[in-house]
$ cat upload.txt   # compact mmCIF, C-alpha atoms
# COMPACT_ATOMS: atom_id res chain seq x y z
CA MET L 23 0.00 0.00 0.00
CA ALA L 24 1.41 3.43 -0.93
CA ALA L 25 1.94 5.96 1.82
CA VAL L 26 -0.14 9.11 1.68
CA ARG L 27 2.09 12.04 0.79
CA GLU L 28 1.56 15.33 2.53
CA PRO L 29 1.92 18.44 0.36
CA GLY L 30 5.11 20.35 0.88
CA GLU L 31 7.17 17.43 2.19
CA PRO L 32 10.55 17.60 0.47
CA GLY L 33 12.44 14.50 -0.54
CA LYS L 34 9.47 12.23 -1.10
CA GLY L 35 9.14 11.48 -4.78
CA LYS L 36 9.46 13.82 -7.70
CA PRO L 37 7.60 17.15 -7.35
CA PHE L 38 5.16 18.19 -10.08
CA LYS L 39 6.57 21.07 -12.09
CA LEU L 40 4.44 22.91 -14.60
CA LEU L 41 6.42 23.57 -17.81
CA GLY L 42 9.49 22.35 -15.94
CA ILE L 43 9.88 25.60 -13.98
CA LEU L 44 6.87 26.23 -11.72
CA ASP L 45 6.82 23.86 -8.75
CA VAL L 46 3.06 23.87 -8.22
CA GLU L 47 3.20 21.76 -5.09
CA ASN L 48 5.61 23.84 -3.01
CA ILE L 49 4.95 27.41 -4.17
CA PRO L 50 2.13 29.02 -2.20
CA CYS L 51 -0.84 30.13 -4.31
CA ALA L 52 0.44 28.44 -7.50
CA ARG L 53 -1.94 25.47 -7.41
CA ASP L 54 -5.08 27.54 -6.87
CA SER L 55 -4.08 30.14 -9.43
CA ILE L 56 -3.43 27.51 -12.11
CA LEU L 57 -6.69 25.70 -11.37
CA TYR L 58 -8.78 28.88 -11.44
CA GLY L 59 -6.94 30.02 -14.58
CA SER L 60 -7.77 26.73 -16.30
CA LEU L 61 -11.42 27.08 -15.38
CA GLY L 62 -11.40 30.70 -16.58
CA SER L 63 -9.84 29.59 -19.85
CA VAL L 64 -12.53 26.99 -20.50
CA VAL L 65 -15.35 29.36 -19.57
CA ALA L 66 -14.00 32.25 -21.66
CA GLY L 67 -13.14 30.14 -24.71
CA LEU L 68 -16.33 28.09 -24.68
CA GLY L 69 -18.47 31.15 -24.02
CA HIS L 70 -16.88 33.03 -26.90
CA PHE L 71 -17.27 30.04 -29.19
CA LEU L 72 -20.96 29.66 -28.33
CA LEU L 73 -21.53 33.34 -29.06
CA THR L 74 -19.50 33.69 -32.27
CA SER L 75 -18.68 30.17 -33.60
CA ARG L 76 -15.16 31.36 -34.48
CA ILE L 77 -12.73 28.64 -33.45
CA ARG L 78 -9.39 30.45 -33.72
CA ARG L 79 -10.62 33.60 -31.99
CA SER L 80 -12.21 31.46 -29.25
CA CYS L 81 -8.85 29.79 -28.59
CA ASP L 82 -7.23 33.19 -28.35
CA VAL L 83 -9.91 34.34 -25.91
CA GLY L 84 -9.38 31.15 -23.90
CA VAL L 85 -5.63 31.80 -23.61
CA GLY L 86 -6.31 35.40 -22.64
CA GLY L 87 -8.84 34.23 -20.07
CA PHE L 88 -6.27 31.85 -18.61
CA ILE L 89 -3.67 34.59 -18.28
CA LEU L 90 -6.07 37.13 -16.79
CA VAL L 91 -7.68 34.77 -14.29
CA THR L 92 -4.35 33.21 -13.27
CA LEU L 93 -2.74 36.58 -12.64
CA GLY L 94 -5.94 37.88 -11.07
CA CYS L 95 -5.79 35.06 -8.52
CA TRP L 96 -1.99 35.02 -8.13
CA PHE L 97 -1.33 38.62 -7.09
CA PRO L 98 -3.98 38.98 -4.35
CA CYS L 99 -3.07 35.57 -2.97
CA ARG L 100 0.64 36.39 -2.85
CA TYR L 101 -0.10 39.80 -1.31
CA ASN L 102 -2.18 38.20 1.45
CA TYR L 103 0.49 35.52 1.93
CA ALA L 104 3.22 38.16 2.33
CA LYS L 105 1.03 40.15 4.72
CA GLN L 106 0.41 37.04 6.81
CA ARG L 107 4.13 36.21 6.91
CA ILE L 108 4.90 39.74 8.16
CA GLN L 109 2.24 39.47 10.89
CA GLU L 110 3.61 36.08 11.94
CA ARG L 111 7.14 37.48 12.13
CA ILE L 112 6.00 40.42 14.25
CA ALA L 113 4.08 38.10 16.59
CA ARG L 114 7.06 35.74 16.83
CA GLU L 115 9.39 38.63 17.72
CA GLY L 116 6.90 39.90 20.30
CA ILE L 117 6.68 36.48 21.94
CA LYS L 118 10.47 36.17 21.91
CA ASN L 119 10.84 39.60 23.54
CA GLN L 120 8.15 38.76 26.10
CA ILE L 121 10.04 35.60 27.08
CA LEU L 122 13.39 37.40 27.07
CA TYR L 123 12.42 40.49 29.10
CA GLU L 124 9.81 39.01 31.44
CA SER L 125 10.58 39.67 35.14
CA THR L 126 13.63 41.83 34.38
CA HIS L 127 14.18 45.54 34.85
CA LEU L 128 13.72 45.96 31.06
CA ASP L 129 10.16 44.57 31.14
CA PRO L 130 7.82 47.29 29.72
CA GLU L 131 4.83 45.95 31.67
CA ARG L 132 6.79 46.11 34.92
CA LYS L 133 7.73 49.73 34.25
CA GLN L 134 4.09 50.63 33.62
CA ILE L 135 2.97 48.96 36.84
CA ASN L 136 5.73 50.63 38.89
CA SER L 137 5.05 54.09 37.44
CA SER L 138 1.29 53.87 38.01
CA SER L 139 1.65 52.61 41.60
CA SER L 140 4.25 55.26 42.51
CA SER L 141 2.10 58.12 41.15
CA ASN L 142 -0.84 57.24 43.47
$ encode --input "upload.txt" --output "structure tokens"
Amino acid sequence: MAAVREPGEPGKGKPFKLLGILDVENIPCARDSILYGSLGSVVAGLGHFLLTSRIRRSCDVGVGGFILVTLGCWFPCRYNYAKQRIQERIAREGIKNQILYESTHLDPERKQINSSSSSN
């Protein structure tokens, strides 16, 4: 029985690369963008063909639909991914500083407590 492979696990088998360059399995947002782009291509090409019955132009519209939908999904996804990574890094640094400075004279919370109790 074959073992179930988790996505993103390096070293287990050969990764799927689209056109030999785009590692769809390990690059965030690539899989969804390609799938939505393919669906957009079929919808745009088939829709144009049903409206005009022009085969060559419908193929061109399908390729254009693929490019537009793929890029339209890729950029917002990558932007949100980058934003999430920045928020994770800030939270990780905050937790590290909390652990590092807790119960020392450099603890910002301790300074706030001492200053508010001494002013009363």
$ atom_distance --input "upload.txt" --atom1 "atom CA of Ile49 of chain L" --atom2 "atom CA of Gly67 of chain L"
27.5 Å
$ residues_around --input "upload.txt" --residues "Tyr58 of chain L" --least-positions-apart "4" --cutoff "12 Å" --atoms "only C-alpha atoms" --output "PyMOL selection string"
chain L and resi 51-54+62-66+87-96
$ atom_distance --input "upload.txt" --atom1 "atom CA of Arg78 of chain L" --atom2 "atom CA of Phe97 of chain L"
29.0 Å
$ residues_near_point --input "upload.txt" --point "(0.4, 32.7, -1.6)" --cutoff "7 Å" --atoms "all atoms listed in the file" --output "list in words"
Pro50, Cys51, Cys99, Arg100, Asn102 and Tyr103 of chain L
$ decode --input "upload.txt" --residues "segment 69-99 of chain L" --atoms "N, CA, C and O atoms" --output "PDB file, in the first residue's frame"
ATOM      1  N   GLY L  69     -17.458  30.087 -23.922  1.00  0.00           N
ATOM      2  CA  GLY L  69     -18.468  31.145 -24.021  1.00  0.00           C
ATOM      3  C   GLY L  69     -18.329  31.945 -25.306  1.00  0.00           C
ATOM      4  O   GLY L  69     -19.316  32.245 -25.984  1.00  0.00           O
ATOM      5  N   HIS L  70     -17.104  32.287 -25.664  1.00  0.00           N
ATOM      6  CA  HIS L  70     -16.883  33.033 -26.898  1.00  0.00           C
ATOM      7  C   HIS L  70     -17.246  32.189 -28.113  1.00  0.00           C
ATOM      8  O   HIS L  70     -17.816  32.700 -29.088  1.00  0.00           O
ATOM      9  N   PHE L  71     -16.930  30.909 -28.064  1.00  0.00           N
ATOM     10  CA  PHE L  71     -17.268  30.035 -29.188  1.00  0.00           C
ATOM     11  C   PHE L  71     -18.782  29.907 -29.342  1.00  0.00           C
ATOM     12  O   PHE L  71     -19.306  29.925 -30.459  1.00  0.00           O
ATOM     13  N   LEU L  72     -19.502  29.780 -28.242  1.00  0.00           N
ATOM     14  CA  LEU L  72     -20.958  29.663 -28.327  1.00  0.00           C
ATOM     15  C   LEU L  72     -21.600  30.942 -28.853  1.00  0.00           C
ATOM     16  O   LEU L  72     -22.651  30.889 -29.498  1.00  0.00           O
ATOM     17  N   LEU L  73     -20.979  32.079 -28.580  1.00  0.00           N
ATOM     18  CA  LEU L  73     -21.534  33.342 -29.056  1.00  0.00           C
ATOM     19  C   LEU L  73     -21.173  33.630 -30.510  1.00  0.00           C
ATOM     20  O   LEU L  73     -21.997  34.185 -31.250  1.00  0.00           O
ATOM     21  N   THR L  74     -19.954  33.261 -30.941  1.00  0.00           N
ATOM     22  CA  THR L  74     -19.497  33.685 -32.267  1.00  0.00           C
ATOM     23  C   THR L  74     -19.237  32.545 -33.247  1.00  0.00           C
ATOM     24  O   THR L  74     -19.187  32.802 -34.450  1.00  0.00           O
ATOM     25  N   SER L  75     -19.018  31.337 -32.781  1.00  0.00           N
ATOM     26  CA  SER L  75     -18.681  30.170 -33.603  1.00  0.00           C
ATOM     27  C   SER L  75     -17.374  30.357 -34.376  1.00  0.00           C
ATOM     28  O   SER L  75     -17.180  29.757 -35.431  1.00  0.00           O
ATOM     29  N   ARG L  76     -16.478  31.175 -33.862  1.00  0.00           N
ATOM     30  CA  ARG L  76     -15.164  31.364 -34.480  1.00  0.00           C
ATOM     31  C   ARG L  76     -14.139  30.612 -33.634  1.00  0.00           C
ATOM     32  O   ARG L  76     -13.840  30.995 -32.500  1.00  0.00           O
ATOM     33  N   ILE L  77     -13.581  29.550 -34.204  1.00  0.00           N
ATOM     34  CA  ILE L  77     -12.727  28.640 -33.445  1.00  0.00           C
ATOM     35  C   ILE L  77     -11.405  29.298 -33.048  1.00  0.00           C
ATOM     36  O   ILE L  77     -11.017  29.271 -31.878  1.00  0.00           O
ATOM     37  N   ARG L  78     -10.718  29.883 -34.020  1.00  0.00           N
ATOM     38  CA  ARG L  78      -9.393  30.454 -33.720  1.00  0.00           C
ATOM     39  C   ARG L  78      -9.502  31.593 -32.719  1.00  0.00           C
ATOM     40  O   ARG L  78      -8.717  31.669 -31.766  1.00  0.00           O
ATOM     41  N   ARG L  79     -10.441  32.468 -32.906  1.00  0.00           N
ATOM     42  CA  ARG L  79     -10.621  33.599 -31.989  1.00  0.00           C
ATOM     43  C   ARG L  79     -11.022  33.103 -30.590  1.00  0.00           C
ATOM     44  O   ARG L  79     -10.586  33.647 -29.584  1.00  0.00           O
ATOM     45  N   SER L  80     -11.807  32.019 -30.539  1.00  0.00           N
ATOM     46  CA  SER L  80     -12.208  31.462 -29.249  1.00  0.00           C
ATOM     47  C   SER L  80     -11.011  30.887 -28.500  1.00  0.00           C
ATOM     48  O   SER L  80     -10.926  30.998 -27.273  1.00  0.00           O
ATOM     49  N   CYS L  81     -10.082  30.283 -29.220  1.00  0.00           N
ATOM     50  CA  CYS L  81      -8.853  29.788 -28.588  1.00  0.00           C
ATOM     51  C   CYS L  81      -8.027  30.948 -28.046  1.00  0.00           C
ATOM     52  O   CYS L  81      -7.471  30.858 -26.946  1.00  0.00           O
ATOM     53  N   ASP L  82      -7.955  32.015 -28.814  1.00  0.00           N
ATOM     54  CA  ASP L  82      -7.230  33.194 -28.350  1.00  0.00           C
ATOM     55  C   ASP L  82      -7.881  33.781 -27.088  1.00  0.00           C
ATOM     56  O   ASP L  82      -7.193  34.164 -26.140  1.00  0.00           O
ATOM     57  N   VAL L  83      -9.191  33.832 -27.088  1.00  0.00           N
ATOM     58  CA  VAL L  83      -9.913  34.336 -25.913  1.00  0.00           C
ATOM     59  C   VAL L  83      -9.690  33.407 -24.723  1.00  0.00           C
ATOM     60  O   VAL L  83      -9.541  33.865 -23.582  1.00  0.00           O
ATOM     61  N   GLY L  84      -9.645  32.109 -24.969  1.00  0.00           N
ATOM     62  CA  GLY L  84      -9.382  31.150 -23.897  1.00  0.00           C
ATOM     63  C   GLY L  84      -8.006  31.346 -23.285  1.00  0.00           C
ATOM     64  O   GLY L  84      -7.848  31.310 -22.060  1.00  0.00           O
ATOM     65  N   VAL L  85      -6.983  31.552 -24.117  1.00  0.00           N
ATOM     66  CA  VAL L  85      -5.629  31.795 -23.608  1.00  0.00           C
ATOM     67  C   VAL L  85      -5.595  33.109 -22.832  1.00  0.00           C
ATOM     68  O   VAL L  85      -4.997  33.195 -21.752  1.00  0.00           O
ATOM     69  N   GLY L  86      -6.244  34.116 -23.359  1.00  0.00           N
ATOM     70  CA  GLY L  86      -6.314  35.399 -22.644  1.00  0.00           C
ATOM     71  C   GLY L  86      -7.043  35.265 -21.316  1.00  0.00           C
ATOM     72  O   GLY L  86      -6.632  35.851 -20.308  1.00  0.00           O
ATOM     73  N   GLY L  87      -8.120  34.478 -21.316  1.00  0.00           N
ATOM     74  CA  GLY L  87      -8.843  34.232 -20.066  1.00  0.00           C
ATOM     75  C   GLY L  87      -7.976  33.516 -19.046  1.00  0.00           C
ATOM     76  O   GLY L  87      -8.021  33.819 -17.847  1.00  0.00           O
ATOM     77  N   PHE L  88      -7.184  32.559 -19.523  1.00  0.00           N
ATOM     78  CA  PHE L  88      -6.274  31.846 -18.611  1.00  0.00           C
ATOM     79  C   PHE L  88      -5.277  32.815 -17.977  1.00  0.00           C
ATOM     80  O   PHE L  88      -5.066  32.799 -16.762  1.00  0.00           O
ATOM     81  N   ILE L  89      -4.686  33.655 -18.795  1.00  0.00           N
ATOM     82  CA  ILE L  89      -3.675  34.585 -18.280  1.00  0.00           C
ATOM     83  C   ILE L  89      -4.297  35.566 -17.303  1.00  0.00           C
ATOM     84  O   ILE L  89      -3.764  35.797 -16.200  1.00  0.00           O
ATOM     85  N   LEU L  90      -5.430  36.146 -17.660  1.00  0.00           N
ATOM     86  CA  LEU L  90      -6.067  37.134 -16.790  1.00  0.00           C
ATOM     87  C   LEU L  90      -6.519  36.532 -15.469  1.00  0.00           C
ATOM     88  O   LEU L  90      -6.291  37.111 -14.399  1.00  0.00           O
ATOM     89  N   VAL L  91      -7.178  35.375 -15.520  1.00  0.00           N
ATOM     90  CA  VAL L  91      -7.677  34.769 -14.289  1.00  0.00           C
ATOM     91  C   VAL L  91      -6.520  34.274 -13.421  1.00  0.00           C
ATOM     92  O   VAL L  91      -6.542  34.440 -12.196  1.00  0.00           O
ATOM     93  N   THR L  92      -5.494  33.688 -14.041  1.00  0.00           N
ATOM     94  CA  THR L  92      -4.351  33.210 -13.270  1.00  0.00           C
ATOM     95  C   THR L  92      -3.662  34.365 -12.552  1.00  0.00           C
ATOM     96  O   THR L  92      -3.386  34.287 -11.351  1.00  0.00           O
ATOM     97  N   LEU L  93      -3.387  35.433 -13.273  1.00  0.00           N
ATOM     98  CA  LEU L  93      -2.740  36.584 -12.635  1.00  0.00           C
ATOM     99  C   LEU L  93      -3.672  37.283 -11.655  1.00  0.00           C
ATOM    100  O   LEU L  93      -3.226  37.790 -10.622  1.00  0.00           O
ATOM    101  N   GLY L  94      -4.966  37.288 -11.968  1.00  0.00           N
ATOM    102  CA  GLY L  94      -5.944  37.882 -11.065  1.00  0.00           C
ATOM    103  C   GLY L  94      -6.075  37.128  -9.753  1.00  0.00           C
ATOM    104  O   GLY L  94      -6.437  37.707  -8.731  1.00  0.00           O
ATOM    105  N   CYS L  95      -5.790  35.848  -9.753  1.00  0.00           N
ATOM    106  CA  CYS L  95      -5.789  35.058  -8.516  1.00  0.00           C
ATOM    107  C   CYS L  95      -4.417  35.082  -7.851  1.00  0.00           C
ATOM    108  O   CYS L  95      -4.315  35.042  -6.622  1.00  0.00           O
ATOM    109  N   TRP L  96      -3.357  35.119  -8.645  1.00  0.00           N
ATOM    110  CA  TRP L  96      -1.990  35.018  -8.127  1.00  0.00           C
ATOM    111  C   TRP L  96      -1.616  36.226  -7.276  1.00  0.00           C
ATOM    112  O   TRP L  96      -1.140  36.072  -6.148  1.00  0.00           O
ATOM    113  N   PHE L  97      -1.815  37.436  -7.797  1.00  0.00           N
ATOM    114  CA  PHE L  97      -1.334  38.615  -7.094  1.00  0.00           C
ATOM    115  C   PHE L  97      -2.038  38.866  -5.761  1.00  0.00           C
ATOM    116  O   PHE L  97      -1.365  39.120  -4.760  1.00  0.00           O
ATOM    117  N   PRO L  98      -3.366  38.809  -5.673  1.00  0.00           N
ATOM    118  CA  PRO L  98      -3.982  38.984  -4.350  1.00  0.00           C
ATOM    119  C   PRO L  98      -3.588  37.887  -3.358  1.00  0.00           C
ATOM    120  O   PRO L  98      -3.380  38.160  -2.177  1.00  0.00           O
ATOM    121  N   CYS L  99      -3.456  36.671  -3.841  1.00  0.00           N
ATOM    122  CA  CYS L  99      -3.067  35.574  -2.967  1.00  0.00           C
ATOM    123  C   CYS L  99      -1.658  35.784  -2.436  1.00  0.00           C
ATOM    124  O   CYS L  99      -1.395  35.608  -1.236  1.00  0.00           O
TER     125      CYS L  99
END
